[in-house]
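What's in coords-v3.cif: mmCIF, C-alpha atoms
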```cif
data_model
#
loop_
_atom_site.label_atom_id
_atom_site.label_comp_id
_atom_site.auth_asym_id
_atom_site.auth_seq_id
_atom_site.Cartn_x
_atom_site.Cartn_y
_atom_site.Cartn_z
CA MET A 1 0.00 0.00 0.00
CA ILE A 2 1.37 3.44 -0.92
CA ALA A 3 0.13 6.62 0.74
CA PHE A 4 1.05 10.05 -0.61
CA CYS A 5 0.01 12.21 2.31
CA TYR A 6 0.39 11.40 5.99
CA TYR A 7 0.78 13.76 8.92
CA ASN A 8 0.90 13.05 12.63
CA SER A 9 -0.73 16.00 14.39
CA SER A 10 0.73 14.97 17.75
CA ILE A 11 3.91 16.93 17.17
CA SER A 12 4.86 18.24 20.58
CA GLN A 13 5.48 15.35 22.96
CA ARG A 14 9.17 15.89 23.71
CA GLN A 15 10.23 16.38 27.30
CA ARG A 16 13.26 18.54 26.52
CA VAL A 17 11.41 21.37 24.76
CA VAL A 18 13.62 24.36 24.06
CA GLY A 19 11.89 27.65 24.76
CA ARG A 20 9.10 28.83 27.02
CA PRO A 21 6.91 26.26 28.81
CA GLN A 22 3.80 27.93 27.37
CA LEU A 23 3.75 28.97 23.72
CA SER A 24 3.16 32.62 22.99
CA GLY A 25 0.83 33.73 20.24
CA ARG A 26 3.80 33.79 17.88
CA GLY A 27 4.75 30.24 18.91
CA LYS A 28 1.25 29.00 18.18
CA ARG A 29 1.32 30.71 14.80
CA LEU A 30 4.65 29.07 14.06
CA LEU A 31 3.24 25.63 14.87
CA LEU A 32 0.33 26.28 12.53
CA ALA A 33 2.74 27.47 9.88
CA THR A 34 4.82 24.33 10.39
CA ALA A 35 1.74 22.18 9.88
CA GLY A 36 1.00 24.11 6.70
CA VAL A 37 4.46 23.42 5.35
CA ILE A 38 4.11 19.73 6.21
CA LEU A 39 0.85 19.48 4.33
CA HIS A 40 2.42 21.35 1.43
CA ALA A 41 5.30 18.87 1.41
CA CYS A 42 3.04 15.89 0.75
CA THR A 43 0.69 17.52 -1.72
CA PRO A 44 1.25 16.31 -5.31
CA GLY A 45 2.23 19.09 -7.68
CA GLY A 46 1.72 19.45 -11.38
CA ASP A 47 5.37 18.89 -12.32
CA GLY A 48 5.76 15.15 -11.89
CA PRO A 49 5.37 12.69 -9.03
CA PRO A 50 4.99 13.78 -5.40
CA PRO A 51 8.23 14.54 -3.54
CA SER A 52 7.65 11.73 -1.01
CA ILE A 53 5.90 8.38 -0.85
CA GLN A 54 5.06 6.15 2.10
CA ARG A 55 4.68 2.40 2.19
CA ASP A 56 4.56 -0.37 4.79
CA SER A 57 7.01 -3.26 4.97
CA ALA A 58 6.63 -5.96 7.63
CA GLY A 59 4.85 -3.49 9.92
CA ILE A 60 7.47 -0.76 9.48
CA LYS A 61 6.49 2.49 7.75
CA ILE A 62 8.99 3.59 5.11
CA VAL A 63 8.91 7.21 3.99
CA GLU A 64 11.06 7.82 0.94
CA SER A 65 11.69 11.30 -0.49
CA VAL A 66 12.96 11.77 -4.02
CA ARG A 67 13.19 15.57 -3.96
CA PRO A 68 12.79 18.41 -1.45
CA ALA A 69 9.32 19.87 -1.06
CA TRP A 70 10.62 23.44 -0.89
CA GLY A 71 12.17 23.31 -4.33
CA ASN A 72 15.66 24.25 -5.47
CA PRO A 73 16.34 28.04 -5.75
CA ALA A 74 19.06 27.34 -8.32
CA GLN A 75 16.40 25.86 -10.60
CA THR A 76 13.48 28.15 -9.83
CA GLY A 77 15.47 31.39 -9.58
CA SER A 78 13.91 32.37 -6.24
CA ALA A 79 13.62 31.03 -2.71
CA ASP A 80 10.55 29.00 -1.77
CA PRO A 81 8.24 31.20 0.37
CA ASN A 82 7.61 28.23 2.67
CA ALA A 83 11.31 27.66 3.40
CA TRP A 84 12.57 28.21 6.94
CA ARG A 85 15.30 30.70 7.77
CA ILE A 86 17.80 31.33 10.59
CA ASP A 87 18.52 35.00 11.20
CA PRO A 88 22.32 35.37 11.59
CA GLU A 89 21.89 38.45 13.82
CA PRO A 90 21.79 37.10 17.40
CA VAL A 91 18.82 37.66 19.68
CA LEU A 92 21.21 37.12 22.60
CA ASP A 93 25.00 36.72 22.90
CA LEU A 94 26.11 35.48 26.33
CA ALA A 95 29.68 36.59 25.71
CA GLU A 96 28.41 40.17 25.39
CA SER A 97 25.42 40.23 27.76
CA GLY A 98 27.66 40.85 30.76
CA THR A 99 31.28 41.18 31.87
CA GLY A 100 33.72 39.14 33.88
CA ASP A 101 34.82 35.52 33.85
CA ALA A 102 31.24 34.22 33.75
CA HIS A 103 30.89 35.61 30.22
CA SER A 104 34.20 34.21 28.93
CA PHE A 105 33.82 30.74 27.45
CA TYR A 106 36.20 27.97 26.51
CA GLN A 107 35.39 24.48 25.22
CA VAL A 108 31.61 24.80 25.30
CA ARG A 109 30.09 21.32 25.07
CA GLY A 110 26.41 22.07 25.36
CA MET A 111 23.79 24.81 25.57
CA ARG A 112 20.13 24.34 26.49
CA ARG A 113 17.08 26.34 27.55
CA LEU A 114 15.11 25.36 30.66
CA PRO A 115 11.30 25.59 30.92
CA ASP A 116 11.55 28.79 33.00
CA GLY A 117 13.33 30.51 30.09
CA SER A 118 16.82 30.47 31.59
CA LEU A 119 19.82 29.13 29.69
CA VAL A 120 22.45 26.64 30.82
CA VAL A 121 25.87 26.24 29.22
CA LEU A 122 28.41 23.47 29.80
CA ASN A 123 31.78 25.22 29.83
CA ALA A 124 34.18 22.28 29.77
CA GLY A 125 37.20 24.55 30.07
CA SER A 126 36.24 25.11 33.72
CA ASP A 127 34.20 21.90 34.13
CA GLU A 128 31.10 23.80 35.23
CA ILE A 129 27.53 24.54 34.24
CA ARG A 130 26.77 28.25 33.99
CA GLN A 131 23.17 29.42 34.24
CA PHE A 132 21.88 32.67 32.74
CA SER A 133 18.54 34.45 32.88
CA ALA A 134 16.42 34.74 29.74
CA ASP A 135 17.96 38.17 29.05
CA GLY A 136 21.55 36.92 29.49
CA GLY A 137 22.28 37.91 33.07
CA PHE A 138 24.60 35.56 34.95
CA ALA A 139 22.59 33.63 37.56
CA GLY A 140 25.29 31.36 38.96
CA SER A 141 27.34 28.25 38.26
CA PHE A 142 27.68 24.76 39.65
CA GLY A 143 29.90 21.75 39.17
CA GLY A 144 33.52 22.69 38.75
CA SER A 145 36.31 20.37 39.85
CA ARG A 146 38.90 20.10 42.55
CA GLN A 147 41.25 17.46 43.84
CA GLY A 148 39.14 14.69 45.30
CA GLN A 149 35.96 15.66 43.39
CA GLY A 150 33.14 16.36 45.82
CA PRO A 151 29.45 15.60 45.16
CA GLY A 152 28.11 17.38 42.10
CA GLU A 153 31.58 18.33 40.87
CA PHE A 154 33.03 17.23 37.55
CA ILE A 155 36.43 15.92 36.53
CA ASN A 156 35.91 15.90 32.77
CA ALA A 157 32.33 16.91 31.91
CA GLN A 158 31.40 15.53 28.49
CA GLN A 159 27.73 16.25 27.87
CA LEU A 160 24.80 18.39 29.00
CA GLU A 161 21.27 16.99 28.73
CA VAL A 162 17.95 18.40 29.94
CA ALA A 163 14.77 16.46 30.82
CA GLY A 164 12.06 19.00 31.63
CA ASP A 165 13.53 21.10 34.47
CA THR A 166 16.08 18.40 35.35
CA ILE A 167 19.70 18.93 34.30
CA LEU A 168 21.97 15.95 33.66
CA VAL A 169 25.74 16.13 33.24
CA VAL A 170 27.72 13.18 31.90
CA ASP A 171 31.20 12.99 33.42
CA ARG A 172 33.93 10.48 32.67
CA ASP A 173 33.49 6.74 33.31
CA GLY A 174 29.71 6.91 33.07
CA VAL A 175 29.15 9.13 36.13
CA ILE A 176 25.87 11.08 35.79
CA SER A 177 25.07 14.08 38.02
CA VAL A 178 21.34 14.89 38.21
CA PHE A 179 20.32 18.42 39.28
CA GLY A 180 16.84 19.72 40.03
CA PRO A 181 15.63 23.35 40.03
CA GLY A 182 17.76 25.64 42.11
CA PRO A 183 19.97 24.01 41.00
CA VAL A 184 20.07 21.30 43.65
CA LEU A 185 22.05 18.10 43.29
CA ILE A 186 19.49 15.28 43.45
CA ARG A 187 21.85 12.38 42.99
CA GLU A 188 24.99 11.06 41.42
CA THR A 189 24.86 7.70 39.76
CA ARG A 190 27.13 5.59 37.61
CA LEU A 191 25.89 3.98 34.44
CA ALA A 192 28.01 1.54 32.46
CA ARG A 193 31.65 2.45 32.01
CA ARG A 194 32.43 3.96 28.60
CA THR A 195 29.02 5.66 28.43
CA HIS A 196 29.36 7.87 25.36
CA ALA A 197 26.19 9.97 25.74
CA VAL A 198 22.67 9.95 27.19
CA HIS A 199 19.38 11.19 25.72
CA ALA A 200 16.16 11.83 27.66
CA ILE A 201 12.98 9.95 26.81
CA GLU A 202 9.57 10.21 28.46
CA ALA A 203 8.59 8.93 31.92
CA GLY A 204 11.89 9.92 33.55
CA ARG A 205 14.05 7.59 31.53
CA LEU A 206 17.25 7.81 29.53
CA VAL A 207 18.72 5.96 26.60
CA ALA A 208 22.49 5.62 26.97
CA ARG A 209 25.05 4.90 24.27
CA ILE A 210 27.67 2.47 25.58
CA VAL A 211 30.96 1.88 23.76
CA PRO A 212 32.40 -1.59 24.44
CA PRO A 213 36.13 -2.26 24.87
CA ILE A 214 37.67 -1.75 21.45
CA PRO A 215 38.56 -5.12 19.91
CA GLU A 216 41.61 -5.68 17.75
CA LEU A 217 39.78 -6.29 14.49
CA GLY A 218 42.19 -4.77 12.01
CA ARG A 219 43.41 -1.40 10.90
CA LEU A 220 40.10 0.22 9.88
CA THR A 221 37.50 -0.69 12.50
CA ARG A 222 33.96 0.40 13.22
CA VAL A 223 33.30 0.34 16.95
CA PRO A 224 29.61 -0.46 17.67
CA GLU A 225 27.59 1.10 20.50
CA THR A 226 25.01 -0.65 22.66
CA LEU A 227 21.78 1.21 23.47
CA ARG A 228 20.49 0.76 27.04
CA THR A 229 17.59 2.39 28.87
CA TYR A 230 17.86 3.63 32.46
CA ARG A 231 15.74 5.46 35.00
CA LEU A 232 17.07 8.75 36.34
CA ASP A 233 18.16 6.98 39.53
CA GLY A 234 20.48 4.77 37.49
CA SER A 235 18.40 1.61 37.75
CA GLY A 236 17.55 -0.43 34.70
CA GLY A 237 20.24 -0.79 32.09
CA ASP A 238 18.14 -2.90 29.73
CA SER A 239 19.70 -3.39 26.30
CA ILE A 240 17.34 -2.38 23.47
CA GLY A 241 19.66 -2.60 20.47
CA TRP A 242 22.81 -1.11 19.04
CA THR A 243 24.20 1.34 16.50
CA PRO A 244 27.23 0.89 14.22
CA GLY A 245 29.12 3.45 16.30
CA TYR A 246 32.16 5.18 14.83
CA GLU A 247 35.07 4.32 12.57
CA ASP A 248 38.61 4.21 13.96
CA TYR A 249 42.00 3.36 12.48
CA PHE A 250 44.56 1.32 14.44
CA VAL A 251 48.13 0.27 13.82
CA GLY A 252 49.80 -1.36 16.80
CA ASP A 253 49.50 0.98 19.77
CA MET A 254 48.53 3.98 17.64
CA ARG A 255 45.05 5.09 16.63
CA ILE A 256 43.83 7.97 14.51
CA VAL A 257 40.52 9.24 13.14
CA PRO A 258 40.14 7.94 9.57
CA LEU A 259 39.50 10.19 6.59
CA PHE A 260 35.79 11.02 6.14
CA GLN A 261 35.00 9.23 9.39
CA LYS A 262 31.52 7.73 9.63
CA LYS A 263 29.74 7.97 12.99
CA ALA A 264 26.32 6.89 14.21
CA VAL A 265 23.97 9.60 15.54
CA VAL A 266 21.15 9.38 18.09
CA ASP A 267 18.47 11.75 19.38
CA THR A 268 15.08 11.43 21.05
CA HIS A 269 11.60 12.96 20.89
CA GLY A 270 8.95 12.01 23.43
CA ASP A 271 9.21 8.25 23.89
CA ARG A 272 10.81 7.66 20.49
CA ILE A 273 14.49 7.14 19.67
CA PHE A 274 15.97 8.20 16.32
CA THR A 275 19.19 6.65 15.06
CA GLY A 276 21.28 6.87 11.93
CA SER A 277 24.49 5.15 10.83
CA SER A 278 25.54 7.92 8.37
CA ASP A 279 26.30 5.20 5.79
CA ARG A 280 23.30 6.40 3.80
CA MET A 281 20.84 9.28 3.95
CA GLN A 282 18.45 7.42 6.22
CA VAL A 283 17.10 7.72 9.77
CA GLU A 284 15.38 4.97 11.76
CA GLU A 285 12.78 5.60 14.45
CA MET A 286 12.28 3.09 17.26
CA THR A 287 10.23 2.74 20.41
CA ALA A 288 11.74 2.86 23.89
CA THR A 289 11.81 -0.95 23.82
CA GLY A 290 13.88 -1.04 20.65
CA ASP A 291 11.22 -1.87 18.03
CA THR A 292 11.77 -0.10 14.71
CA VAL A 293 8.56 1.62 13.57
CA ARG A 294 9.68 3.96 10.76
CA ILE A 295 12.48 4.34 8.25
CA LEU A 296 12.95 7.79 6.72
CA ARG A 297 15.01 7.86 3.55
CA LEU A 298 16.27 10.40 1.01
CA ALA A 299 16.67 8.26 -2.09
CA PRO A 300 18.66 10.26 -4.64
CA TYR A 301 21.46 11.46 -2.36
CA ALA A 302 24.96 10.95 -3.81
CA LEU A 303 27.74 10.14 -1.32
CA THR A 304 30.56 9.14 -3.68
CA VAL A 305 34.02 10.58 -2.97
CA SER A 306 36.43 10.94 -5.89
CA GLU A 307 40.05 9.90 -5.52
CA ALA A 308 41.13 13.53 -5.98
CA ARG A 309 38.87 14.65 -3.12
CA ALA A 310 40.13 11.85 -0.87
CA VAL A 311 43.75 12.78 -1.62
CA ALA A 312 42.99 16.45 -0.87
CA GLU A 313 41.52 15.40 2.47
CA ARG A 314 44.62 13.37 3.30
CA ASP A 315 46.87 16.30 2.35
CA ALA A 316 44.85 18.64 4.57
CA ARG A 317 45.32 16.25 7.48
CA LEU A 318 49.06 16.09 6.85
CA ASP A 319 49.28 19.89 6.90
CA THR A 320 47.97 20.15 10.45
CA THR A 321 50.18 20.74 13.48
CA THR A 322 49.91 19.53 17.07
CA PRO A 323 47.99 21.65 19.61
CA GLN A 324 51.39 22.91 20.80
CA GLY A 325 52.16 24.19 17.30
CA ARG A 326 54.82 21.58 16.61
CA PRO A 327 55.07 19.53 13.41
CA MET A 328 53.23 16.25 13.35
CA PRO A 329 55.38 13.33 14.65
CA PRO A 330 56.77 11.18 11.82
CA ARG A 331 54.95 8.05 13.04
CA PHE A 332 51.59 9.82 12.79
CA ARG A 333 52.44 11.20 9.36
CA GLN A 334 53.22 7.70 8.16
CA LEU A 335 49.99 6.42 9.68
CA ILE A 336 47.97 9.02 7.75
CA GLU A 337 49.84 8.34 4.52
CA ASP A 338 49.14 4.61 4.82
CA MET A 339 45.42 4.98 5.56
CA PRO A 340 43.07 3.69 2.85
CA LEU A 341 41.39 6.40 0.78
CA PRO A 342 37.60 6.42 1.30
CA THR A 343 35.25 6.05 -1.68
CA THR A 344 32.15 7.42 0.08
CA ARG A 345 31.48 10.24 2.54
CA PRO A 346 29.26 10.19 5.63
CA ALA A 347 25.66 11.11 4.83
CA TYR A 348 25.59 13.50 7.81
CA ALA A 349 27.61 14.44 10.90
CA ASP A 350 24.88 15.15 13.47
CA MET A 351 21.13 14.94 14.04
CA ILE A 352 18.75 17.01 16.17
CA VAL A 353 15.04 16.29 16.54
CA ASP A 354 13.32 19.58 17.41
CA PRO A 355 10.23 20.01 19.69
CA THR A 356 7.84 19.68 16.72
CA GLY A 357 9.35 16.33 15.74
CA ALA A 358 11.14 17.73 12.68
CA ILE A 359 14.51 16.07 12.05
CA TRP A 360 17.58 18.20 11.27
CA LEU A 361 20.67 16.61 9.72
CA ARG A 362 24.00 18.45 9.72
CA PRO A 363 26.02 17.80 6.57
CA PHE A 364 29.47 16.29 6.90
CA ARG A 365 32.30 18.60 5.98
CA GLY A 366 35.90 17.40 5.59
CA MET A 367 39.00 19.37 6.56
CA SER A 368 39.70 20.05 2.89
CA GLU A 369 36.22 21.31 2.08
CA GLY A 370 36.53 24.86 3.38
CA GLY A 371 34.34 27.02 5.54
CA GLY A 372 31.23 29.04 4.87
CA PRO A 373 27.63 28.51 6.00
CA GLU A 374 26.25 25.00 6.48
CA SER A 375 22.97 23.86 4.95
CA TRP A 376 21.20 21.47 7.29
CA LEU A 377 18.70 19.07 5.73
CA VAL A 378 15.24 19.10 7.34
CA LEU A 379 12.59 16.36 7.40
CA ASP A 380 9.12 17.20 8.68
CA PRO A 381 7.49 15.19 11.52
CA GLY A 382 5.93 12.92 8.90
CA GLY A 383 9.42 12.10 7.59
CA ARG A 384 9.28 14.04 4.31
CA TRP A 385 12.28 15.95 3.06
CA LEU A 386 11.40 19.65 3.20
CA GLY A 387 14.70 21.09 2.03
CA SER A 388 17.71 22.85 3.54
CA VAL A 389 18.13 25.61 6.13
CA GLU A 390 21.34 27.64 6.08
CA VAL A 391 23.25 27.92 9.36
CA PRO A 392 25.57 30.96 9.63
CA GLU A 393 29.29 30.50 9.10
CA ASP A 394 31.38 29.50 12.15
CA PHE A 395 28.23 28.72 14.18
CA HIS A 396 28.02 25.33 15.92
CA VAL A 397 24.42 24.31 16.68
CA TRP A 398 23.75 22.74 20.09
CA ASP A 399 19.95 22.71 20.13
CA ILE A 400 16.92 23.77 18.09
CA GLY A 401 13.64 25.06 19.53
CA ILE A 402 10.29 26.21 18.19
CA ASP A 403 11.52 29.65 17.16
CA GLU A 404 15.20 29.69 18.10
CA VAL A 405 18.52 27.96 17.54
CA LEU A 406 21.06 27.67 20.35
CA GLY A 407 24.75 27.38 19.58
CA VAL A 408 28.23 28.85 19.70
CA TRP A 409 29.73 31.29 17.21
CA HIS A 410 33.52 31.51 16.88
CA ASP A 411 34.84 34.96 15.99
CA GLU A 412 38.00 35.70 13.98
CA LEU A 413 40.11 35.29 17.16
CA ASP A 414 38.38 31.95 17.88
CA VAL A 415 36.63 33.44 20.92
CA GLN A 416 33.46 31.49 21.72
CA HIS A 417 30.10 33.29 21.80
CA PRO A 418 27.12 31.22 23.02
CA ARG A 419 24.21 32.69 21.08
CA VAL A 420 20.48 32.49 20.55
CA LEU A 421 19.43 32.95 16.92
CA ARG A 422 15.90 33.46 15.67
CA LEU A 423 14.36 30.62 13.64
CA GLU A 424 11.61 31.62 11.21
CA ARG A 425 9.49 28.66 10.16
CA ASP A 426 6.86 30.58 8.16
CA GLY A 427 9.13 31.94 5.41
CA GLU A 428 8.48 35.56 6.46
#
```
Could you take the file, read its structure, and then write that structure out as structure tokens?
Amino acid sequence: MIAFCYYNSSISQRQRVVGRPQLSGRGKRLLLATAGVILHACTPGGDGPPPSIQRDSAGIKIVESVRPAWGNPAQTGSADPNAWRIDPEPVLDLAESGTGDAHSFYQVRGMRRLPDGSLVVLNAGSDEIRQFSADGGFAGSFGGSRQGQGPGEFINAQQLEVAGDTILVVDRDGVISVFGPGPVLIRETRLARRTHAVHAIEAGRLVARIVPPIPELGRLTRVPETLRTYRLDGSGGDSIGWTPGYEDYFVGDMRIVPLFQKKAVVDTHGDRIFTGSSDRMQVEEMTATGDTVRILRLAPYALTVSEARAVAERDARLDTTTPQGRPMPPRFRQLIEDMPLPTTRPAYADMIVDPTGAIWLRPFRGMSEGGGPESWLVLDPGGRWLGSVEVPEDFHVWDIGIDEVLGVWHDELDVQHPRVLRLERDGE
């Protein structure tokens, strides 16, 4: 059976909603506009077949898009009026909303908005969470590290996650610190060692990505990750599946990131888990028990890498220096020169599922492929390919809300600016 138009109106079930707990009039209008775009995306046009089709296979819905619903400006000569847009002029810049050390950032590893409108930033350079009011005023910090590591302090904070008004920080060796409003440390718990990341799902649960001990399987290895679900108190740990993980390259006691490295991506929305291997332009949706319910696919997406491009990527890697500014050690140079040249590129480098259920895919960009703005691919909550949204140059996205994008902009001196940018979903 093939269906040309399907839309799930239950689009706002996610616990970690970015933005205000109650939608303003503008937010409600944006949701209506989003629904309008979704319906537009699955409406057959007069210029050939519909952009997306849906079919069932063994109880799994497959949504396959053959072209973006918004159209290609290079072909039409003008931008689609339904296309979404990110305004590069910041609504808020936390590096400029105040003075002092609290507004100087280094190694930001996460930025999220809480239901009360405040913002939290994981500043890994100081191993602390900094909290700011909705208008950018510094409200305080917590975490930090010291010799002996007391309760609620971090040694090497890796990830910031938010579940409603609960803040979770992933430290090394699978230690999770859980903070309630205040912030108040509720508990510290240890999940499995080598926990790579956690993602909140409904009913006070988490899905954790666990990297097993790396086996000696050869020079180019893909290290799989196990997916386990936990409660916020650390109980559970039920295995619900796995992802292909990431590629690594080993020779003896040396390891290095391979050229055009493929990595699995994971995000959540409500009680659903979204995964992708990056081997193809495809995302899989599963339940909290690990059952696959949908496969979302962009069919005509070319991922071939020419030999010339692969060589250019290898040369760019060889031109880099160590963090101390010294030339690369000869053993590492030889390791890079001996690596196999890839024939395909990753389909994407990251995935974020926003509060409406729309799926954003960040394109992969190699070291040799220059800078400039990024064009994230967007699928609507029904799984149809809408088109691309341009992200400003030198801006790293950490989260996407109803009408805002949270991330860090790097200026010409590589100073980090955590920013809030306006997201326009109605094409205005």
Expansion of the PyMOL selection byres ((chain A and resi 255) around 12) into residues, as a PyMOL selection string: chain A and resi 214+216+218-221+247-254+256-258+331-332+335-336+339
Near-range 79-89 of chain A list (7 Å; all atoms listed in the file; drop same-chain fewer than 6 positions) as a VMD selection string: chain A and resid 37 70 to 71 73 389 to 392 421 to 427
Could you write out that same residue set with C-alpha atoms as a PDB file, in the frame of the given file?
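The file below, part-v8.pdb, is the result:
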```pdb
ATOM      1  CA  VAL A  37       4.460  23.420   5.350  1.00  0.00           C
ATOM      2  CA  TRP A  70      10.620  23.440  -0.890  1.00  0.00           C
ATOM      3  CA  GLY A  71      12.170  23.310  -4.330  1.00  0.00           C
ATOM      4  CA  PRO A  73      16.340  28.040  -5.750  1.00  0.00           C
ATOM      5  CA  VAL A 389      18.130  25.610   6.130  1.00  0.00           C
ATOM      6  CA  GLU A 390      21.340  27.640   6.080  1.00  0.00           C
ATOM      7  CA  VAL A 391      23.250  27.920   9.360  1.00  0.00           C
ATOM      8  CA  PRO A 392      25.570  30.960   9.630  1.00  0.00           C
ATOM      9  CA  LEU A 421      19.430  32.950  16.920  1.00  0.00           C
ATOM     10  CA  ARG A 422      15.900  33.460  15.670  1.00  0.00           C
ATOM     11  CA  LEU A 423      14.360  30.620  13.640  1.00  0.00           C
ATOM     12  CA  GLU A 424      11.610  31.620  11.210  1.00  0.00           C
ATOM     13  CA  ARG A 425       9.490  28.660  10.160  1.00  0.00           C
ATOM     14  CA  ASP A 426       6.860  30.580   8.160  1.00  0.00           C
ATOM     15  CA  GLY A 427       9.130  31.940   5.410  1.00  0.00           C
TER      16      GLY A 427
END
```
Under the PyMOL selection byres ((chain A and resi 272) around 8), which residues of this model are included? Write them out as a short mmCIF file (atom, residue, chain, number, x, y, z; two decimals) with C-alpha atoms, in the frame of the given file.
```
data_model
loop_
_atom_site.label_atom_id
_atom_site.label_comp_id
_atom_site.auth_asym_id
_atom_site.auth_seq_id
_atom_site.Cartn_x
_atom_site.Cartn_y
_atom_site.Cartn_z
CA ILE A 201 12.98 9.95 26.81
CA THR A 268 15.08 11.43 21.05
CA HIS A 269 11.60 12.96 20.89
CA GLY A 270 8.95 12.01 23.43
CA ASP A 271 9.21 8.25 23.89
CA ILE A 273 14.49 7.14 19.67
CA PHE A 274 15.97 8.20 16.32
CA GLU A 285 12.78 5.60 14.45
CA MET A 286 12.28 3.09 17.26
CA THR A 287 10.23 2.74 20.41
CA ALA A 288 11.74 2.86 23.89
#
```
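Across the structure, CA of Ile60 in chain A and CA of Arg294 in chain A are spaced 5.4 Å apart.
For Asp350 in chain A, the set of protein, DNA and RNA residues having any atom at most 9 Å away, when counting all atoms listed in the file and skipping those fewer than 3 positions along the same chain, is A:Lys263, A:Ala264, A:Val265, A:Val266, A:Ser278, A:Trp360, A:Leu361, A:Arg362, A:Pro363, A:Phe364.
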Picked residues, the PyMOL selection byres ((chain A and resi 170) around 9), as a PyMOL selection string: chain A and resi 154+156-161+168-169+171-177+195-198
Using all atoms listed in the file, the best pick from A:His417, A:His199, A:Asp233, A:Arg222 as closest to Ile186 in chain A would be A:Asp233
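The shortest atom-to-atom distance to Val184 in chain A, with all atoms listed in the file taken into account, belongs to A:Ile167 out of A:Ile167, A:Val353, A:Ile400, A:Met328.
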Would you kindly return, as a PDB file with C-alpha atoms, in the frame of the given file, each protein, DNA or RNA residue with an atom no farther than 6 Å from any atom of Trp385 in chain A, considering all atoms listed in the file and excluding same-chain residues fewer than 4 positions away?
```
ATOM      1  CA  SER A  65      11.690  11.300  -0.490  1.00  0.00           C
ATOM      2  CA  PRO A  68      12.790  18.410  -1.450  1.00  0.00           C
ATOM      3  CA  LEU A 379      12.590  16.360   7.400  1.00  0.00           C
TER       4      LEU A 379
END
```
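Candidate residues A:Gln131, A:Gln54, A:Thr99, A:Gln324 were compared for distance to Leu114 in chain A, and the nearest is A:Gln131, using all atoms listed in the file.
For the pair CA of Gly237 in chain A and CA of Glu188 in chain A, the separation is 15.8 Å.
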Would you pick out the contacts of Tyr230 in chain A at 10 Å or less, using all atoms listed in the file, so that residues sharing its chain but fewer than 5 positions from it are not included, and give the list as a PDB file with C-alpha atoms, keeping the file's coordinate frame?
```pdb
ATOM      1  CA  LEU A 191      25.890   3.980  34.440  1.00  0.00           C
ATOM      2  CA  VAL A 198      22.670   9.950  27.190  1.00  0.00           C
ATOM      3  CA  ALA A 200      16.160  11.830  27.660  1.00  0.00           C
ATOM      4  CA  ILE A 201      12.980   9.950  26.810  1.00  0.00           C
ATOM      5  CA  GLY A 204      11.890   9.920  33.550  1.00  0.00           C
ATOM      6  CA  ARG A 205      14.050   7.590  31.530  1.00  0.00           C
ATOM      7  CA  LEU A 206      17.250   7.810  29.530  1.00  0.00           C
ATOM      8  CA  VAL A 207      18.720   5.960  26.600  1.00  0.00           C
ATOM      9  CA  ALA A 208      22.490   5.620  26.970  1.00  0.00           C
ATOM     10  CA  SER A 235      18.400   1.610  37.750  1.00  0.00           C
ATOM     11  CA  GLY A 236      17.550  -0.430  34.700  1.00  0.00           C
ATOM     12  CA  GLY A 237      20.240  -0.790  32.090  1.00  0.00           C
ATOM     13  CA  ASP A 238      18.140  -2.900  29.730  1.00  0.00           C
ATOM     14  CA  SER A 239      19.700  -3.390  26.300  1.00  0.00           C
TER      15      SER A 239
END
```
Taking (35.1, 4.1, -5.0) in the file's coordinates as the center, which residues reach within 10 Å of it, counting all atoms listed in the file, put as a PyMOL selection string? chain A and resi 304-307+341-344
Could you write those residues out with C-alpha atoms, as a CSV table (one decimal), in the coordinates of the input?
```
chain,number,residue,atom,x,y,z
A,304,THR,CA,30.6,9.1,-3.7
A,305,VAL,CA,34.0,10.6,-3.0
A,306,SER,CA,36.4,10.9,-5.9
A,307,GLU,CA,40.0,9.9,-5.5
A,341,LEU,CA,41.4,6.4,0.8
A,342,PRO,CA,37.6,6.4,1.3
A,343,THR,CA,35.2,6.0,-1.7
A,344,THR,CA,32.2,7.4,0.1
```
Any idea what's packed within 7 Å of Thr243 in chain A, counting all atoms listed in the file, ignoring anything in its chain fewer than 5 positions away? Could you give it as a PyMOL selection string? chain A and resi 224-226+264+277
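With all atoms listed in the file as the atoms that count, the residue of A:Pro340, A:Gly357, A:Pro329, A:Gly136 with the shortest distance to Val378 in chain A is A:Gly357.
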